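Trainee: The structure that follows is given in the form of structure tokens.
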Amino acid sequence: VRMNEPLVLAGLVTSPLELISFVLAVITVVLNIRQKHWAWLFSIASSATYAVVFFDARLYGDMGLQFVFIIASVWGWTMWLRGAGNGPLVVKRLNPGTRAWVLVAWFAGFVVLSTFLDHFTDTDVPHADGFLTAGSLMGQLLLARKKLENWHIWIAVDILYVGLYVYKGLMLTAVLYGVFVLLAIAGLRAWSAHVEHCWRRASFSSRKLWRQDC
């Protein structure tokens with residue numbers, strides 16, 4: 001059986017490779033929520049398989065993003081294992097200035113990627129693909145740094161991805177991203193509770209340092 005052959009599952013047209021990617025991606029997000037470093041291994045595997053799925057669907061921005069995800073996953077895995085500075089990497093909030101820069105970087109990435117996709121590929125959704133690819137990259141980078149706001153980005157991006165994948169006929173992946181929305185909400189709640197717990201346990205002097213990143 002070819003991995004990209006059509007497969008009907010619970011009334012949805014998918015393929016064996018998309019199904020494998022689905023399972024790997026769900027495991028990745030569940031482990032991310034629990035802050036388990038093995039999430040990055042599953043992220044690498046799911047990115048590799050999804051690159052093939054997206055190539056067949058002519059979603060070249062998303063395909064290219066998977067290779068960036070693989071690189072970012074290796075970096076994120078290293079960060080989660082080695083920590084930051086002299087201590088372990090902990091969940092923190094971005095300060096307002098950094099949040100603004102993230103939005104600027106997202107918009108700049110959208111302009112560059114959508115222009116490239118529009119002029120140099122045969123994709124029929126260059127702007128949607130470029131916008132969501134740039135947003136996904138921002139989310140992945142913030143996740144690697146254990147920044148709480150990564151979940152805000154993933155919630156927004158995943159909701160929009162559901163519509164895009166329905167349009168492209170990737171029904172199982174559309175369902176997956178619907179599940180991702182729920183998992184991202186759960187991740188936001190879990191990480192927010194973790195930040196609040198650490199804040200309550202921190203001494204007054206530690207809170208002054210903590211506030212620089214919150």
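Chain labels A, B, ... are given in the sequence in which chains occur in the structure tokens; within each chain residues are numbered consecutively from 1, and ligands are likewise numbered from 1 in the order shown.
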Enumerate as an MDAnalysis selection string all residues of region 7-188 of chain A assigned to strand (DSSP E or B) by DSSP on the backbone, naming them with the chain letters and numbers the document uses.
Mentor: chainID A and resid 7:9 12:14 84 87 92 147
Trainee: Write out as JSON lines the residues of region 117-141 of chain A that have any atom within 7 Å of an atom of region 56-73 of chain A, one row each with the nearest atom pair and its distance in Å to one decimal, counting only C-alpha atoms, sorted by chain and then rising number.
Mentor:
```
{"residue": "A:Leu117", "atom": "CA", "partner": "A:Gly61", "partner_atom": "CA", "distance": 7.0}
{"residue": "A:Thr123", "atom": "CA", "partner": "A:Arg58", "partner_atom": "CA", "distance": 5.6}
{"residue": "A:Asp129", "atom": "CA", "partner": "A:Gly61", "partner_atom": "CA", "distance": 5.8}
{"residue": "A:Gly130", "atom": "CA", "partner": "A:Gly61", "partner_atom": "CA", "distance": 6.2}
{"residue": "A:Thr133", "atom": "CA", "partner": "A:Asp62", "partner_atom": "CA", "distance": 5.9}
{"residue": "A:Leu141", "atom": "CA", "partner": "A:Ala72", "partner_atom": "CA", "distance": 6.9}
```
Trainee: Please provide as a list in words all residues within 9 Å of Glu18 (chain A), with the sequence filter that same-chain residues fewer than 4 positions apart are discarded (counting only C-alpha atoms).
Mentor: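 The neighbour list is Met3, Asn4, Thr14, Phe22, Val23, Thr49, Tyr50, Val52, Val53, Leu170, Leu172 and Thr173 of chain A.
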Trainee: Would you mind exporting the chosen residues as a PDB file, in the first residue's frame, restricted to N, CA and C atoms?
Mentor:
```pdb
ATOM      1  N   MET A   3       1.866   4.998   0.714  1.00  0.00           N
ATOM      2  CA  MET A   3       1.553   5.796   1.887  1.00  0.00           C
ATOM      3  C   MET A   3       0.651   6.986   1.584  1.00  0.00           C
ATOM      4  N   ASN A   4       0.603   7.407   0.299  1.00  0.00           N
ATOM      5  CA  ASN A   4      -0.240   8.546  -0.066  1.00  0.00           C
ATOM      6  C   ASN A   4      -1.506   8.138  -0.814  1.00  0.00           C
ATOM      7  N   THR A  14      -8.516  10.278   3.674  1.00  0.00           N
ATOM      8  CA  THR A  14      -7.184  10.605   4.167  1.00  0.00           C
ATOM      9  C   THR A  14      -6.184   9.701   3.459  1.00  0.00           C
ATOM     10  N   PHE A  22      -0.894  12.472  11.858  1.00  0.00           N
ATOM     11  CA  PHE A  22      -1.921  12.854  12.826  1.00  0.00           C
ATOM     12  C   PHE A  22      -1.562  12.345  14.219  1.00  0.00           C
ATOM     13  N   VAL A  23      -1.273  11.052  14.323  1.00  0.00           N
ATOM     14  CA  VAL A  23      -0.981  10.437  15.619  1.00  0.00           C
ATOM     15  C   VAL A  23       0.288  11.034  16.233  1.00  0.00           C
ATOM     16  N   THR A  49       6.996  13.636   8.236  1.00  0.00           N
ATOM     17  CA  THR A  49       5.908  12.988   7.498  1.00  0.00           C
ATOM     18  C   THR A  49       4.937  14.013   6.924  1.00  0.00           C
ATOM     19  N   TYR A  50       4.673  15.073   7.669  1.00  0.00           N
ATOM     20  CA  TYR A  50       3.759  16.098   7.170  1.00  0.00           C
ATOM     21  C   TYR A  50       4.348  16.857   5.975  1.00  0.00           C
ATOM     22  N   VAL A  52       5.771  15.620   3.453  1.00  0.00           N
ATOM     23  CA  VAL A  52       5.344  14.879   2.270  1.00  0.00           C
ATOM     24  C   VAL A  52       3.856  15.099   2.004  1.00  0.00           C
ATOM     25  N   VAL A  53       3.057  15.084   3.064  1.00  0.00           N
ATOM     26  CA  VAL A  53       1.613  15.305   2.925  1.00  0.00           C
ATOM     27  C   VAL A  53       1.337  16.669   2.307  1.00  0.00           C
ATOM     28  N   LEU A 170      -7.883  18.178   2.950  1.00  0.00           N
ATOM     29  CA  LEU A 170      -7.154  17.383   3.943  1.00  0.00           C
ATOM     30  C   LEU A 170      -8.036  17.271   5.188  1.00  0.00           C
ATOM     31  N   LEU A 172      -8.761  14.856   7.451  1.00  0.00           N
ATOM     32  CA  LEU A 172      -8.249  14.362   8.722  1.00  0.00           C
ATOM     33  C   LEU A 172      -7.351  15.397   9.389  1.00  0.00           C
ATOM     34  N   THR A 173      -6.542  16.079   8.591  1.00  0.00           N
ATOM     35  CA  THR A 173      -5.691  17.125   9.141  1.00  0.00           C
ATOM     36  C   THR A 173      -6.537  18.285   9.663  1.00  0.00           C
TER      37      THR A 173
END
```
Trainee: From the list A:Ile159, A:Phe42, A:Gly139, A:Ser15, which residue is nearest Thr28 (chain A) when using only C-alpha atoms?
Mentor: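 So, comparing all the options, the nearest one is A:Phe42.
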Trainee: Excluding His152 (chain A) and residues on its chain fewer than 6 positions from it, collect all residues at most 10 Å away from it, counting only C-alpha atoms, and give them as a tab-separated table (two decimals) with N, CA, C and O atoms, in the first residue's frame.
Mentor:
```
chain	number	residue	atom	x	y	z
A	139	GLY	N	5.14	30.67	16.75
A	139	GLY	CA	4.69	29.81	17.83
A	139	GLY	C	5.73	28.78	18.23
A	139	GLY	O	5.95	28.52	19.42
A	184	ALA	N	-4.39	23.31	22.56
A	184	ALA	CA	-3.71	24.58	22.80
A	184	ALA	C	-4.37	25.35	23.94
A	184	ALA	O	-3.70	25.98	24.76
A	185	ILE	N	-5.69	25.29	24.00
A	185	ILE	CA	-6.41	25.92	25.11
A	185	ILE	C	-6.03	25.24	26.42
A	185	ILE	O	-5.78	25.90	27.44
A	187	GLY	N	-3.24	23.64	26.94
A	187	GLY	CA	-1.86	24.02	27.20
A	187	GLY	C	-1.75	25.40	27.81
A	187	GLY	O	-0.95	25.62	28.74
A	188	LEU	N	-2.54	26.34	27.32
A	188	LEU	CA	-2.53	27.70	27.87
A	188	LEU	C	-2.96	27.68	29.33
A	188	LEU	O	-2.34	28.34	30.18
```
Trainee: Which residues are near Leu164 (chain A)? Cut-off 9 Å, only C-alpha atoms, ignore same chain within fewer than 2 positions. Put them as JSON, numbers by chain.
Mentor: {"A": [125, 128, 129, 160, 161, 162, 166, 167, 168, 169, 170, 174]}
Trainee: Now that the selection is made, can you save its residues with N, CA and C atoms as a PDB file, in the first residue's frame?
Mentor:
```
ATOM      1  N   VAL A 125      -3.213  29.230  -2.669  1.00  0.00           N
ATOM      2  CA  VAL A 125      -3.527  29.963  -1.432  1.00  0.00           C
ATOM      3  C   VAL A 125      -2.253  30.604  -0.866  1.00  0.00           C
ATOM      4  N   ALA A 128      -2.898  32.943   2.509  1.00  0.00           N
ATOM      5  CA  ALA A 128      -3.265  32.164   3.693  1.00  0.00           C
ATOM      6  C   ALA A 128      -2.106  31.288   4.137  1.00  0.00           C
ATOM      7  N   ASP A 129      -1.456  30.640   3.171  1.00  0.00           N
ATOM      8  CA  ASP A 129      -0.331  29.764   3.477  1.00  0.00           C
ATOM      9  C   ASP A 129       0.813  30.553   4.107  1.00  0.00           C
ATOM     10  N   LEU A 160      -7.533  28.944  12.181  1.00  0.00           N
ATOM     11  CA  LEU A 160      -7.499  29.317  10.761  1.00  0.00           C
ATOM     12  C   LEU A 160      -7.065  28.133   9.892  1.00  0.00           C
ATOM     13  N   TYR A 161      -6.179  27.296  10.423  1.00  0.00           N
ATOM     14  CA  TYR A 161      -5.734  26.125   9.664  1.00  0.00           C
ATOM     15  C   TYR A 161      -6.887  25.150   9.394  1.00  0.00           C
ATOM     16  N   VAL A 162      -7.828  25.056  10.313  1.00  0.00           N
ATOM     17  CA  VAL A 162      -8.966  24.159  10.094  1.00  0.00           C
ATOM     18  C   VAL A 162      -9.657  24.507   8.785  1.00  0.00           C
ATOM     19  N   VAL A 166      -9.721  22.198   5.275  1.00  0.00           N
ATOM     20  CA  VAL A 166     -11.006  21.793   4.705  1.00  0.00           C
ATOM     21  C   VAL A 166     -11.058  22.202   3.239  1.00  0.00           C
ATOM     22  N   TYR A 167     -10.609  23.413   2.950  1.00  0.00           N
ATOM     23  CA  TYR A 167     -10.590  23.911   1.570  1.00  0.00           C
ATOM     24  C   TYR A 167      -9.690  23.050   0.680  1.00  0.00           C
ATOM     25  N   LYS A 168      -8.568  22.581   1.247  1.00  0.00           N
ATOM     26  CA  LYS A 168      -7.612  21.791   0.463  1.00  0.00           C
ATOM     27  C   LYS A 168      -7.967  20.306   0.436  1.00  0.00           C
ATOM     28  N   GLY A 169      -9.031  19.911   1.132  1.00  0.00           N
ATOM     29  CA  GLY A 169      -9.451  18.520   1.107  1.00  0.00           C
ATOM     30  C   GLY A 169      -8.687  17.606   2.043  1.00  0.00           C
ATOM     31  N   LEU A 170      -7.883  18.178   2.950  1.00  0.00           N
ATOM     32  CA  LEU A 170      -7.154  17.383   3.943  1.00  0.00           C
ATOM     33  C   LEU A 170      -8.036  17.271   5.188  1.00  0.00           C
ATOM     34  N   ALA A 174      -7.650  18.600   8.998  1.00  0.00           N
ATOM     35  CA  ALA A 174      -8.556  19.626   9.494  1.00  0.00           C
ATOM     36  C   ALA A 174      -9.116  19.226  10.861  1.00  0.00           C
TER      37      ALA A 174
END
```
Trainee: Could you work out how far CA of Val157 (chain A) lies from CA of Val181 (chain A), giving the answer in Å with one decimal?
Mentor: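 Those two atoms sit 8.7 Å apart.
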Trainee: So which residues touch Trp38 (chain A) within 10 Å, counting only C-alpha atoms, skipping near sequence neighbours fewer than 6 positions away, as a PyMOL selection string?
Mentor: chain A and resi 27-28+31-32+77+80-81
Trainee: In terms of the shortest atom-to-atom distance over only C-alpha atoms, which of A:Trp199, A:Asp158, A:Leu143, A:Ala193 is closest to Leu176 (chain A)?
Mentor: A:Asp158
Trainee: List every residue of region 49-106 of chain A that DSSP, applied to the backbone of this structure, places in alpha helix (DSSP H), and write the result as a PDB file with C-alpha atoms, in the first residue's frame.
Mentor:
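The file below, states.pdb, is the result:
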```pdb
ATOM      1  CA  THR A  49       5.908  12.988   7.498  1.00  0.00           C
ATOM      2  CA  TYR A  50       3.759  16.098   7.170  1.00  0.00           C
ATOM      3  CA  ALA A  51       6.281  17.616   4.741  1.00  0.00           C
ATOM      4  CA  VAL A  52       5.344  14.879   2.270  1.00  0.00           C
ATOM      5  CA  VAL A  53       1.613  15.305   2.925  1.00  0.00           C
ATOM      6  CA  PHE A  54       1.767  19.051   2.303  1.00  0.00           C
ATOM      7  CA  PHE A  55       3.884  18.655  -0.820  1.00  0.00           C
ATOM      8  CA  ASP A  56       1.189  16.470  -2.356  1.00  0.00           C
ATOM      9  CA  TYR A  60       4.548  24.568  -0.185  1.00  0.00           C
ATOM     10  CA  GLY A  61       4.771  27.105   2.617  1.00  0.00           C
ATOM     11  CA  ASP A  62       3.605  24.488   5.085  1.00  0.00           C
ATOM     12  CA  MET A  63       5.922  21.932   3.505  1.00  0.00           C
ATOM     13  CA  GLY A  64       8.939  24.209   3.884  1.00  0.00           C
ATOM     14  CA  LEU A  65       7.847  25.046   7.414  1.00  0.00           C
ATOM     15  CA  GLN A  66       8.193  21.393   8.396  1.00  0.00           C
ATOM     16  CA  PHE A  67      11.919  21.499   7.647  1.00  0.00           C
ATOM     17  CA  VAL A  68      12.224  24.659   9.742  1.00  0.00           C
ATOM     18  CA  PHE A  69      10.277  22.843  12.454  1.00  0.00           C
ATOM     19  CA  ILE A  70      12.789  20.001  12.395  1.00  0.00           C
ATOM     20  CA  ILE A  71      15.658  22.448  12.936  1.00  0.00           C
ATOM     21  CA  ALA A  72      13.680  24.343  15.597  1.00  0.00           C
ATOM     22  CA  SER A  73      12.802  21.057  17.295  1.00  0.00           C
ATOM     23  CA  VAL A  74      16.458  20.082  17.613  1.00  0.00           C
ATOM     24  CA  TRP A  75      17.153  23.533  19.074  1.00  0.00           C
ATOM     25  CA  GLY A  76      14.101  23.360  21.360  1.00  0.00           C
ATOM     26  CA  TRP A  77      15.083  19.898  22.571  1.00  0.00           C
ATOM     27  CA  THR A  78      18.540  21.225  23.428  1.00  0.00           C
ATOM     28  CA  MET A  79      17.059  24.232  25.248  1.00  0.00           C
ATOM     29  CA  TRP A  80      14.669  22.098  27.296  1.00  0.00           C
ATOM     30  CA  LEU A  81      17.453  19.682  28.264  1.00  0.00           C
ATOM     31  CA  ARG A  82      20.241  22.185  28.990  1.00  0.00           C
ATOM     32  CA  PRO A  96       5.051  43.956  26.260  1.00  0.00           C
ATOM     33  CA  GLY A  97       7.957  45.085  24.114  1.00  0.00           C
ATOM     34  CA  THR A  98       8.837  41.552  23.057  1.00  0.00           C
ATOM     35  CA  ARG A  99       5.181  40.816  22.283  1.00  0.00           C
ATOM     36  CA  ALA A 100       5.166  43.756  19.893  1.00  0.00           C
ATOM     37  CA  TRP A 101       8.301  42.480  18.169  1.00  0.00           C
ATOM     38  CA  VAL A 102       6.741  39.041  17.770  1.00  0.00           C
ATOM     39  CA  LEU A 103       3.777  40.604  15.946  1.00  0.00           C
ATOM     40  CA  VAL A 104       6.114  42.654  13.743  1.00  0.00           C
ATOM     41  CA  ALA A 105       8.146  39.539  12.906  1.00  0.00           C
ATOM     42  CA  TRP A 106       4.938  37.644  12.112  1.00  0.00           C
TER      43      TRP A 106
END
```
